[in-house]
There are 6 protein chains.
Amino acid sequence: MVNVTFVQAGYIGATTLIDALLDERASRKDISVRVISSGCKMDEAEAEAAAKIAAQVPTDLYVAVSPGAGLPGPKKMREVLKETGKPIIVVSDEPSRKAAKKLPEEGIGYLVLYGDAMIGAKRPFLDPIEMALFNADVIRVLSVTGVFRCIYTELDKVIEQIEKGEEPVLPEIVVNKTKALEYSGLQNPYARAKAMAAIEAARKVATLDVEGCFKTEGAQNYIPIIAAAHELMRYAAKLCDEAREIEKANDSVKRVVHFRSGELRSKTKLFSKFEK
Amino acid sequence: MVNVTFVQAGYIGATTLIDALLDERASRKDISVRVISSGCKMDEAEAEAAAKIAAQVPTDLYVAVSPGAGLPGPKKMREVLKETGKPIIVVSDEPSRKAAKKLPEEGIGYLVLYGDAMIGAKRPFLDPIEMALFNADVIRVLSVTGVFRCIYTELDKVIEQIEKGEEPVLPEIVVNKTKALEYSGLQNPYARAKAMAAIEAARKVATLDVEGCFKTEGAQNYIPIIAAAHELMRYAAKLCDEAREIEKANDSVKRVVHFRSGELRSKTKLFSKFEK
Amino acid sequence: MVNVTFVQAGYIGATTLIDALLDERASRKDISVRVISSGCKMDEAEAEAAAKIAAQVPTDLYVAVSPGAGLPGPKKMREVLKETGKPIIVVSDEPSRKAAKKLPEEGIGYLVLYGDAMIGAKRPFLDPIEMALFNADVIRVLSVTGVFRCIYTELDKVIEQIEKGEEPVLPEIVVNKTKALEYSGLQNPYARAKAMAAIEAARKVATLDVEGCFKTEGAQNYIPIIAAAHELMRYAAKLCDEAREIEKANDSVKRVVHFRSGELRSKTKLFSKFEK
Amino acid sequence: MVNVTFVQAGYIGATTLIDALLDERASRKDISVRVISSGCKMDEAEAEAAAKIAAQVPTDLYVAVSPGAGLPGPKKMREVLKETGKPIIVVSDEPSRKAAKKLPEEGIGYLVLYGDAMIGAKRPFLDPIEMALFNADVIRVLSVTGVFRCIYTELDKVIEQIEKGEEPVLPEIVVNKTKALEYSGLQNPYARAKAMAAIEAARKVATLDVEGCFKTEGAQNYIPIIAAAHELMRYAAKLCDEAREIEKANDSVKRVVHFRSGELRSKTKLFSKFEK
Amino acid sequence: MVNVTFVQAGYIGATTLIDALLDERASRKDISVRVISSGCKMDEAEAEAAAKIAAQVPTDLYVAVSPGAGLPGPKKMREVLKETGKPIIVVSDEPSRKAAKKLPEEGIGYLVLYGDAMIGAKRPFLDPIEMALFNADVIRVLSVTGVFRCIYTELDKVIEQIEKGEEPVLPEIVVNKTKALEYSGLQNPYARAKAMAAIEAARKVATLDVEGCFKTEGAQNYIPIIAAAHELMRYAAKLCDEAREIEKANDSVKRVVHFRSGELRSKTKLFSKFEK
Amino acid sequence: MVNVTFVQAGYIGATTLIDALLDERASRKDISVRVISSGCKMDEAEAEAAAKIAAQVPTDLYVAVSPGAGLPGPKKMREVLKETGKPIIVVSDEPSRKAAKKLPEEGIGYLVLYGDAMIGAKRPFLDPIEMALFNADVIRVLSVTGVFRCIYTELDKVIEQIEKGEEPVLPEIVVNKTKALEYSGLQNPYARAKAMAAIEAARKVATLDVEGCFKTEGAQNYIPIIAAAHELMRYAAKLCDEAREIEKANDSVKRVVHFRSGELRSKTKLFSKFEK
């Protein structure tokens, strides 16, 4: 039994379901999961508080999930967790790329998720419903393009190593469009193109939201930009839906499920058997 | 400052974002949030373990989120939390309705969410990607139909009471199609009809997934049923998308945002000012 | 030559085209069809009057089509027809299930059609155009899901028996989602899932229309419910369209046509030959 | 009480629901309806047989529905009905235009329906399911574009005259795109343009089906043409769906319902009251 | 090196990209292209002026592109070009059919493009944006249905003959629905049906625009007709999009590219090699 | 009468219709247009040859249209045209921005069009059909977002100045998302957001096509990237379609047409009169 603790501060799209990706049917016998989060806030104090709770939890592996891995909050979170001596994997968004690449120096692994875009976080636009809808779109993009499969495949590898008593080799992966597609399992080349388009559209969403939130003055000016960003994310999700529908039409949806032992097995035809 | 702790065991759609609904831009000065979860598992041991962590966290309010409020795990979770003497609000799905209605006897409030349907949790069908896509659809349904707005509006009322030092009046609400629509803010009557259709379609999804997961023998027989359920949830989400697009076309999307003080204010025209 | 007389009182979706299903290109040499209907009305007097006309028509087989086979009108219709001593097959909707199951005791066969949902028959909502559009959606659902193919396949069996001078074995079939799909000819498993979802959505439409028409007071309250029902039927039809488009994309649309002799032959590729 | 008898031979789209258009909720106190049909066949013998049954039914008005009003079957049908001395209104398709225009000489009224297109009636293509789906599309086109509303408005006028004991003035209307739109109740000019496009697309469907069925040799040659025709009808229906969705988005769907007295009243906002 | 000069007066859909069809990646070593156009105007003076410029350009082949090949402007253009003694191919729209068929008498070849419909050229409707959007739809129709491939395949044949020093055999082709489909490369029979439907819908667009522009008095009367025409062209384009998406889903999009030598080679699977 | 000559070398989206934007119904009495192009090729020799033809044409204004205004071909073209002493306006794509900004030093104006993206010009992907479909999408984006309206509005200003005998003030505009939207005439704020999203998606298309065409080795690697780019452009066009449909639904499509005098007048309701 491997104990995995997710420590979260602030939200990226992956925050919503990352722990569920490990045990989609609550059936695994080889892991026990805890999630500790400070919710949307990710300043130093909040992140530290969440991390301190997490540090008390008996754990074999920490997965630290937050936007902006280089920001003070996530940094503080890692400091607290590092004191436990347990392996840590950071999961964060594209702006964290630079900070993430330095993490291996500290013995920390990372998954940097392209396409997990910043939201249009301005008061005249973003209410909880707009926020939730944006996340629904992001989840679709991360699901179909391979980003989510990359996450659980890579975390599973580490879990398996820990279970076997091996020294875990932590992932150091920038999940860009090429890397994501490798995990996507999409068979049709146009479905793959649509998925790749979705990731890149989602990255443009991030750019627009940064422009709207940080570089633009006046609601009259920034509302159109962040509204455009959210429209684009809606279309990125539609591209993904179209990609998956192609796979359904060809009965070639790749499913990679967790067996009770934690082992991953895959199938593509809906009524076929799993292969190892 | 009110401390709110979400304690979660197992997944419903609301689990993914419920804490984020309270502070969509991480800007509120009046609350501090913690989330403690046992991930997908919700048996007694796991739920209890999560609850025990949560019971150690300084808190003014517990929100206990899980499927099946009447099941042993969620029950045990409540028992642990009750020992803290803090107010507890249970958020759960439609099958919890009966159990939830008895909670006020124990001084516990509840929000029972219709449309937050059970997933098609059978191994030959449900891998993490299928799971995540289903949740993306559920989030869309809960967002547009008013369920999510009901959640944050009602939690905010309690938070405000606590902040004022009042004895909180805990919600006791079955968020069915009529109740949800009241919160939805949808203006166009056909958008409302589409949203209502979506909730009811989502409830049928739940029925189908129960049939497929618990009442049907043999993968050849249950796969079609749960696959049908997921197709229907995808269409429930599409209905919601169509409803919201109508509101956009009429520039009548109701936004109800959190101000820094925690106060909720609303607007409908994208470029209008907020009203109290 | 077998004479088939359809006697109809009131409307279900199947009423619109049931006789046409038997002879889609008006080319069969082995049957002659009459339809006698009292239109939308199905009270005892109207149903009886239609039945009496039908009883005068030289016939080898009666097919009695109406909603609510257990209601007085349809009952009276059967009584009149029974006096002719000719075989009778009742075609009706899901609420007729209980009544239909008793019909074999009287020597009457039945086809109970799931998904052939009640309409939202309230004056402030249902005008002839709304009624017709609802029926267009219902026809699509019954066509793609296999319900219509079940009807004509089963009626054809009886016709063939009569033509051969055999004692006809009348169908006793509840055309639920599983049974319908058997007849649908859909090849792709996701197309099948979409079709199954459509039937179940259509059944939910029936539930909503019953709620709106019979259990809800006040136009403000029932209009949203029946409007939601019609929106959902529109989406059930869309699901069916999507299913059929998948089959088209795979050039696997199963066609089962009537030859001049009345024999049914099938093909799947658009440009292939028929097989027996 | 006015007795209306529909006599039908062969199928046009209007055949499916024409009597239902008169009494959409089965609530009218002022009419009693009978339908007598020979099903899909419309040769002289079949049409005559159906007409003879109809001639026995106590009736104040006959509505004769068939394709090709100038063909021998429909002609014979009218001859039989004329002997009853009752008023007759012919409802038929565009190719009947020339024949219909001569009917007033015989004291017969007519409604010639543009857009009620011939089907692709070739064995290698048209099975009952393809036939039913085509009709679903036709019904949508006739509903949204105003053709169906023209039918029931005009029949109602005659019924009212008969009820008042007046000499009925029978309609003599070619329901072309302009005439249909007058009845459609569509408010938005682009919705109207879409509806008009749909009628004209449907007329092109008729042209293609005539080409495919009567002017083209060899299945390899005619299948593509009639398949194209059906694809085009599917898109004509989509245009109508888009038109109606615009009206819904503007809450301006015109509903013209039958009251119990048979009187027609209309409303446009979903929650408004009826106006006379 | 073959010099090809396109001379254009007025606009058909093909005008926009016809020269680009010959050298899609600007890579051909065997041709040099010039385009000389009088823009939208095509009266005698303008057409002659453009032709005179073109007549000065060193050329091996003229391609004369305009609507209405029988009109005075295009006629004059041909007269001027004929004086050069170089081979001329006329590319024009369906109304040019009759005039085009006589061109071979003058030694001129032709491509008459069905589906390249007249625009709704009335001032209260057609601004440059409406014009451009109509052309975007037309381009899609001409691309997917095979019309554009017919153009470049046939022009390439002539270019090759000229390059080899042969007497060129000029094309004399009416690109109707059957001819176009031959060039389309569409593999799926339903994709082909959709494309054929699109051409025929586009031809109806032409009919409607002629009716609206030349046969209808009063803006109130002609605006609906030409607006309907443009809506129908939008749907013709959608049909084509649907057809191509089917081919993508089957990874069977036929690509026929120009190699540097000018040679055409084709492939269907996206990642396959070209075949001669 | 002002003579306007468009000189083109190579293709951007605007190349297809730029001259037509000036005289959408071929009705202007105040201008005469010539277009001289070297087709797809834009190397120095080809561009120079086209320019030399253009330099012979009596002209009051040159509009030089090409990609990459800083490349040798377009540069040479300008050199040739400059010798005529006539005013020159360069229309080019985003990568030309830097070069364009220096043009005013030479007395040349410019319009730099964001969203007019480079195509995926690799042989294993781009055949003439793929090229044409890409352009159809680009045209839609440039039309709805305001880019095309900016072009013709700005060219018209210069034409008017020339006609009045004034020294023309040449435009110096980078048509980015904000600038484009100013010209778009879109009224609904969400339609505007969708249009803005489309421009930005189109810019990402350009980035991807540059990456695929110039920075990626091996067909296996670059095909997915440029295929993704084209999928994204298809969706950018869809966003624009959705935006325009919103305006249609609100009867608020802004039309700005050329009157015979060349004057621009606008209207928004389809059946309203023009305003100056």
# chains A, B, ... in the order shown; residues from 1 in each chain; ligands from 1

call {"tool": "interface_residues", "arguments": {"of": "chain A", "to": "chain B", "cutoff": "7 Å", "atoms": "only C-alpha atoms", "output": "compact mmCIF listing (two decimals) with all heavy atoms, in the first residue's frame"}}
result
# COMPACT_ATOMS: atom_id res chain seq x y z
N THR A 16 -8.68 19.92 -10.23
CA THR A 16 -10.06 19.44 -10.01
C THR A 16 -10.15 17.93 -9.86
O THR A 16 -11.00 17.42 -9.15
CB THR A 16 -10.96 19.82 -11.20
OG1 THR A 16 -10.38 19.29 -12.40
CG2 THR A 16 -11.08 21.33 -11.34
N LEU A 17 -9.30 17.20 -10.60
CA LEU A 17 -9.51 15.76 -10.69
C LEU A 17 -8.23 14.95 -10.57
O LEU A 17 -8.26 13.74 -10.81
CB LEU A 17 -10.18 15.43 -12.05
CG LEU A 17 -11.65 15.77 -12.20
CD1 LEU A 17 -12.05 15.72 -13.67
CD2 LEU A 17 -12.52 14.81 -11.40
N ASP A 19 -6.35 13.69 -8.28
CA ASP A 19 -6.30 12.49 -7.44
C ASP A 19 -7.24 11.41 -7.98
O ASP A 19 -6.97 10.22 -7.89
CB ASP A 19 -6.65 12.83 -6.00
CG ASP A 19 -8.05 13.39 -5.87
OD1 ASP A 19 -8.28 14.54 -6.31
OD2 ASP A 19 -8.93 12.68 -5.36
N ALA A 20 -8.35 11.86 -8.58
CA ALA A 20 -9.31 10.89 -9.13
C ALA A 20 -8.72 10.14 -10.32
O ALA A 20 -9.11 9.01 -10.61
CB ALA A 20 -10.60 11.61 -9.54
N LEU A 21 -7.78 10.77 -11.01
CA LEU A 21 -7.14 10.11 -12.15
C LEU A 21 -6.41 8.83 -11.73
O LEU A 21 -6.20 7.93 -12.53
CB LEU A 21 -6.13 11.05 -12.83
CG LEU A 21 -6.69 12.31 -13.49
CD1 LEU A 21 -5.55 13.17 -14.01
CD2 LEU A 21 -7.64 11.95 -14.63
N ASP A 23 -7.40 6.66 -9.47
CA ASP A 23 -8.24 5.57 -8.96
C ASP A 23 -9.69 5.81 -9.39
O ASP A 23 -10.59 5.97 -8.58
CB ASP A 23 -8.13 5.54 -7.42
CG ASP A 23 -8.66 4.23 -6.84
OD1 ASP A 23 -8.92 3.29 -7.62
OD2 ASP A 23 -8.83 4.17 -5.61
N GLU A 24 -9.88 5.77 -10.69
CA GLU A 24 -11.13 6.25 -11.28
C GLU A 24 -12.37 5.51 -10.80
O GLU A 24 -13.46 6.04 -10.85
CB GLU A 24 -11.03 6.22 -12.82
CG GLU A 24 -10.97 4.85 -13.45
CD GLU A 24 -9.55 4.28 -13.53
OE1 GLU A 24 -8.64 4.83 -12.85
OE2 GLU A 24 -9.35 3.30 -14.25
N ARG A 25 -12.20 4.30 -10.39
CA ARG A 25 -13.37 3.58 -9.89
C ARG A 25 -13.25 3.24 -8.41
O ARG A 25 -13.97 2.38 -7.90
CB ARG A 25 -13.59 2.30 -10.70
CG ARG A 25 -14.01 2.57 -12.15
CD ARG A 25 -14.25 1.29 -12.91
NE ARG A 25 -13.26 0.28 -12.55
CZ ARG A 25 -11.98 0.29 -12.94
NH1 ARG A 25 -11.54 1.21 -13.76
NH2 ARG A 25 -11.16 -0.64 -12.54
N ALA A 26 -12.31 3.91 -7.72
CA ALA A 26 -12.14 3.69 -6.28
C ALA A 26 -11.92 2.22 -5.97
O ALA A 26 -12.43 1.70 -4.98
CB ALA A 26 -13.36 4.23 -5.52
N VAL A 33 -5.13 7.53 -0.78
CA VAL A 33 -4.93 8.90 -1.25
C VAL A 33 -5.45 9.89 -0.22
O VAL A 33 -6.49 9.68 0.39
CB VAL A 33 -5.65 9.09 -2.60
CG1 VAL A 33 -5.79 10.57 -2.94
CG2 VAL A 33 -4.93 8.34 -3.71
N ARG A 34 -4.68 10.95 -0.04
CA ARG A 34 -5.21 12.10 0.71
C ARG A 34 -5.00 13.35 -0.13
O ARG A 34 -4.00 13.46 -0.86
CB ARG A 34 -4.48 12.30 2.05
CG ARG A 34 -4.64 11.21 3.06
CD ARG A 34 -6.07 11.10 3.63
NE ARG A 34 -6.19 9.90 4.46
CZ ARG A 34 -6.51 8.69 3.99
NH1 ARG A 34 -6.77 8.52 2.71
NH2 ARG A 34 -6.58 7.67 4.80
N VAL A 35 -5.94 14.26 -0.02
CA VAL A 35 -5.80 15.56 -0.67
C VAL A 35 -5.91 16.63 0.41
O VAL A 35 -6.85 16.60 1.21
CB VAL A 35 -6.90 15.79 -1.73
CG1 VAL A 35 -6.67 17.09 -2.48
CG2 VAL A 35 -6.99 14.62 -2.69
N ILE A 36 -4.95 17.53 0.41
CA ILE A 36 -4.98 18.66 1.35
C ILE A 36 -4.82 19.92 0.51
O ILE A 36 -3.87 20.04 -0.26
CB ILE A 36 -3.82 18.61 2.36
CG1 ILE A 36 -3.63 17.21 2.93
CG2 ILE A 36 -3.99 19.69 3.43
CD1 ILE A 36 -4.72 16.73 3.82
N SER A 37 -5.76 20.85 0.68
CA SER A 37 -5.72 22.02 -0.18
C SER A 37 -6.06 23.28 0.59
O SER A 37 -6.80 23.26 1.57
CB SER A 37 -6.73 21.83 -1.32
OG SER A 37 -6.97 23.04 -1.98
N SER A 38 -5.49 24.37 0.12
CA SER A 38 -5.88 25.68 0.68
C SER A 38 -6.89 26.37 -0.23
O SER A 38 -7.06 27.59 -0.15
CB SER A 38 -4.64 26.55 0.87
OG SER A 38 -4.03 26.79 -0.38
N GLY A 39 -7.53 25.59 -1.10
CA GLY A 39 -8.54 26.18 -1.97
C GLY A 39 -7.91 27.09 -3.01
O GLY A 39 -6.82 26.82 -3.52
N CYS A 40 -8.61 28.15 -3.33
CA CYS A 40 -8.15 29.03 -4.41
C CYS A 40 -6.93 29.86 -4.01
O CYS A 40 -6.21 30.34 -4.87
CB CYS A 40 -9.27 29.97 -4.83
SG CYS A 40 -10.62 29.10 -5.63
N LYS A 41 -6.76 30.06 -2.75
CA LYS A 41 -5.67 30.94 -2.32
C LYS A 41 -4.34 30.20 -2.35
O LYS A 41 -4.27 29.02 -2.03
CB LYS A 41 -5.95 31.48 -0.93
CG LYS A 41 -7.07 32.52 -0.94
CD LYS A 41 -7.26 33.15 0.41
CE LYS A 41 -8.49 34.06 0.39
NZ LYS A 41 -8.98 34.32 1.76
N ALA A 121 -9.36 36.07 -14.65
CA ALA A 121 -9.75 36.35 -13.27
C ALA A 121 -9.93 37.84 -12.98
O ALA A 121 -9.21 38.42 -12.17
CB ALA A 121 -8.70 35.75 -12.32
N ARG A 123 -12.88 40.70 -11.83
CA ARG A 123 -14.18 40.73 -11.17
C ARG A 123 -15.36 41.01 -12.07
O ARG A 123 -16.41 40.40 -11.90
CB ARG A 123 -14.13 41.74 -10.02
CG ARG A 123 -15.20 41.50 -8.98
CD ARG A 123 -15.02 42.41 -7.80
NE ARG A 123 -15.10 43.81 -8.21
CZ ARG A 123 -14.78 44.85 -7.42
NH1 ARG A 123 -14.35 44.63 -6.19
NH2 ARG A 123 -14.87 46.08 -7.87
N LEU A 126 -15.53 37.34 -14.10
CA LEU A 126 -15.44 35.99 -13.57
C LEU A 126 -16.25 35.80 -12.30
O LEU A 126 -15.82 36.19 -11.22
CB LEU A 126 -13.97 35.63 -13.28
CG LEU A 126 -13.77 34.13 -13.07
CD1 LEU A 126 -13.71 33.43 -14.43
CD2 LEU A 126 -12.51 33.85 -12.28
N ASP A 127 -17.39 35.19 -12.45
CA ASP A 127 -18.12 34.75 -11.26
C ASP A 127 -17.90 33.23 -11.14
O ASP A 127 -17.25 32.62 -11.99
CB ASP A 127 -19.60 35.14 -11.35
CG ASP A 127 -20.41 34.26 -12.26
OD1 ASP A 127 -19.83 33.58 -13.14
OD2 ASP A 127 -21.64 34.24 -12.13
N PRO A 128 -18.40 32.62 -10.10
CA PRO A 128 -18.13 31.18 -9.92
C PRO A 128 -18.64 30.33 -11.08
O PRO A 128 -18.04 29.30 -11.39
CB PRO A 128 -18.89 30.85 -8.61
CG PRO A 128 -18.87 32.14 -7.85
CD PRO A 128 -19.03 33.21 -8.89
N ILE A 129 -19.71 30.76 -11.73
CA ILE A 129 -20.26 29.96 -12.83
C ILE A 129 -19.33 30.04 -14.05
O ILE A 129 -19.00 29.02 -14.65
CB ILE A 129 -21.68 30.44 -13.19
CG1 ILE A 129 -22.61 30.35 -11.97
CG2 ILE A 129 -22.24 29.66 -14.38
CD1 ILE A 129 -22.60 29.02 -11.26
N MET A 131 -16.27 30.64 -13.95
CA MET A 131 -15.07 29.91 -13.52
C MET A 131 -15.27 28.41 -13.72
O MET A 131 -14.41 27.70 -14.26
CB MET A 131 -14.79 30.23 -12.04
CG MET A 131 -13.62 29.52 -11.40
SD MET A 131 -14.01 27.84 -10.79
CE MET A 131 -15.19 28.17 -9.49
N ALA A 132 -16.42 27.91 -13.31
CA ALA A 132 -16.66 26.46 -13.41
C ALA A 132 -16.75 26.03 -14.88
O ALA A 132 -16.23 24.97 -15.25
CB ALA A 132 -17.94 26.10 -12.66
N LEU A 133 -17.40 26.84 -15.70
CA LEU A 133 -17.52 26.49 -17.12
C LEU A 133 -16.15 26.47 -17.80
O LEU A 133 -15.86 25.60 -18.62
CB LEU A 133 -18.46 27.46 -17.82
CG LEU A 133 -19.93 27.30 -17.43
CD1 LEU A 133 -20.76 28.46 -17.98
CD2 LEU A 133 -20.49 25.98 -17.95
N ALA A 136 -14.60 23.29 -16.91
CA ALA A 136 -15.18 22.16 -17.66
C ALA A 136 -14.49 22.05 -19.02
O ALA A 136 -14.17 20.95 -19.48
CB ALA A 136 -16.68 22.36 -17.83
N ASP A 137 -14.27 23.19 -19.65
CA ASP A 137 -13.60 23.18 -20.96
C ASP A 137 -12.14 22.74 -20.83
O ASP A 137 -11.65 21.96 -21.64
CB ASP A 137 -13.68 24.58 -21.59
CG ASP A 137 -15.07 24.91 -22.09
OD1 ASP A 137 -15.82 23.97 -22.45
OD2 ASP A 137 -15.43 26.10 -22.14
N ILE A 139 -10.84 20.84 -18.55
CA ILE A 139 -10.80 19.39 -18.26
C ILE A 139 -10.94 18.60 -19.55
O ILE A 139 -10.24 17.62 -19.77
CB ILE A 139 -11.92 19.01 -17.25
CG1 ILE A 139 -11.60 19.60 -15.88
CG2 ILE A 139 -12.10 17.50 -17.18
CD1 ILE A 139 -12.76 19.50 -14.88
N ARG A 140 -11.85 19.03 -20.42
CA ARG A 140 -12.02 18.32 -21.68
C ARG A 140 -10.72 18.34 -22.49
O ARG A 140 -10.29 17.33 -23.04
CB ARG A 140 -13.18 18.91 -22.50
CG ARG A 140 -13.55 18.05 -23.71
CD ARG A 140 -14.81 18.54 -24.42
NE ARG A 140 -15.94 18.66 -23.55
CZ ARG A 140 -16.69 17.62 -23.15
NH1 ARG A 140 -16.44 16.42 -23.59
NH2 ARG A 140 -17.70 17.81 -22.33
N SER A 143 -8.10 16.17 -20.96
CA SER A 143 -8.47 14.75 -21.05
C SER A 143 -8.16 14.17 -22.42
O SER A 143 -7.52 13.12 -22.55
CB SER A 143 -9.97 14.57 -20.78
OG SER A 143 -10.31 14.99 -19.49
N ARG A 255 -8.72 3.13 -24.11
CA ARG A 255 -8.99 3.22 -22.68
C ARG A 255 -7.83 2.53 -21.94
O ARG A 255 -7.44 1.43 -22.29
CB ARG A 255 -10.31 2.50 -22.35
CG ARG A 255 -11.51 3.14 -23.00
CD ARG A 255 -12.80 2.35 -22.88
NE ARG A 255 -13.78 2.94 -23.77
CZ ARG A 255 -14.56 3.99 -23.45
NH1 ARG A 255 -14.49 4.49 -22.23
NH2 ARG A 255 -15.39 4.51 -24.32
N VAL A 256 -7.31 3.22 -20.97
CA VAL A 256 -6.22 2.67 -20.16
C VAL A 256 -6.65 2.74 -18.71
O VAL A 256 -6.61 3.81 -18.10
CB VAL A 256 -4.91 3.47 -20.37
CG1 VAL A 256 -3.75 2.79 -19.64
CG2 VAL A 256 -4.59 3.62 -21.85
N VAL A 257 -7.11 1.63 -18.19
CA VAL A 257 -7.75 1.63 -16.87
C VAL A 257 -6.83 1.08 -15.79
O VAL A 257 -5.87 0.36 -16.07
CB VAL A 257 -9.05 0.79 -16.89
CG1 VAL A 257 -9.87 1.09 -18.13
CG2 VAL A 257 -8.76 -0.69 -16.79

call {"tool": "atom_distance", "arguments": {"atom1": "atom CA of A:Pro168", "atom2": "atom CA of A:Leu61"}}
result
9.6 Å

call {"tool": "atom_distance", "arguments": {"atom1": "atom CA of F:Glu167", "atom2": "atom CA of F:Ile31"}}
result
17.3 Å

call {"tool": "select_by_dssp", "arguments": {"residues": "stretch 45-270 of chain F", "states": "strand (DSSP E or B)", "output": "list of chain:residue names"}}
result
F:Leu61, F:Tyr62, F:Val63, F:Ala64, F:Val65, F:Ile88, F:Ile89, F:Val90, F:Val91, F:Ser92, F:Asp93, F:Gly109, F:Tyr110, F:Leu111, F:Val112, F:Leu113, F:Glu172, F:Ile173, F:Val174, F:Val175, F:Arg255, F:Val256, F:Val257, F:His258, F:Leu264, F:Arg265, F:Ser266, F:Lys267

call {"tool": "write_last_selection", "arguments": {"atoms": "C-alpha atoms", "output": "mmCIF file, in the first residue's frame"}}
result
data_model
loop_
_atom_site.group_PDB
_atom_site.id
_atom_site.type_symbol
_atom_site.label_atom_id
_atom_site.label_comp_id
_atom_site.auth_asym_id
_atom_site.auth_seq_id
_atom_site.Cartn_x
_atom_site.Cartn_y
_atom_site.Cartn_z
ATOM 1 C CA LEU F 61 -3.127 54.675 -56.619
ATOM 2 C CA TYR F 62 -1.229 51.435 -56.217
ATOM 3 C CA VAL F 63 -2.164 48.843 -53.636
ATOM 4 C CA ALA F 64 0.625 46.324 -53.264
ATOM 5 C CA VAL F 65 -0.589 43.072 -51.777
ATOM 6 C CA ILE F 88 1.390 53.270 -52.796
ATOM 7 C CA ILE F 89 -0.326 51.404 -50.019
ATOM 8 C CA VAL F 90 1.110 48.091 -48.903
ATOM 9 C CA VAL F 91 -1.255 45.417 -47.637
ATOM 10 C CA SER F 92 0.489 42.546 -45.955
ATOM 11 C CA ASP F 93 0.499 40.072 -43.093
ATOM 12 C CA GLY F 109 1.246 53.634 -46.434
ATOM 13 C CA TYR F 110 0.429 50.244 -45.023
ATOM 14 C CA LEU F 111 -2.225 47.985 -43.653
ATOM 15 C CA VAL F 112 -0.768 45.080 -41.683
ATOM 16 C CA LEU F 113 -3.409 42.408 -41.253
ATOM 17 C CA GLU F 172 -0.510 53.405 -41.444
ATOM 18 C CA ILE F 173 -2.436 50.828 -39.546
ATOM 19 C CA VAL F 174 -1.563 47.614 -37.812
ATOM 20 C CA VAL F 175 -4.915 45.858 -37.893
ATOM 21 C CA ARG F 255 -23.863 46.504 -43.456
ATOM 22 C CA VAL F 256 -21.696 49.261 -44.902
ATOM 23 C CA VAL F 257 -22.245 49.385 -48.643
ATOM 24 C CA HIS F 258 -20.834 51.346 -51.519
ATOM 25 C CA LEU F 264 -20.291 54.403 -47.881
ATOM 26 C CA ARG F 265 -23.592 54.187 -46.049
ATOM 27 C CA SER F 266 -24.611 51.818 -43.323
ATOM 28 C CA LYS F 267 -27.620 50.082 -41.871
#

call {"tool": "select_by_dssp", "arguments": {"residues": "stretch 8-74 of chain B", "states": "helix (DSSP H, G or I)", "output": "PyMOL selection string"}}
result
chain B and resi 13-16+20-22+44-56+72-74

call {"tool": "residues_around", "arguments": {"residues": "F:Glu245", "least_positions_apart": "3", "cutoff": "12 Å", "atoms": "only C-alpha atoms", "output": "PyMOL selection string"}}
result
(chain B and resi 245-246+249) or (chain D and resi 188+190-191+194+242-243+245-246+249) or (chain E and resi 231+234) or (chain F and resi 144+186-188+190-192+194-195+238-242+248-253)
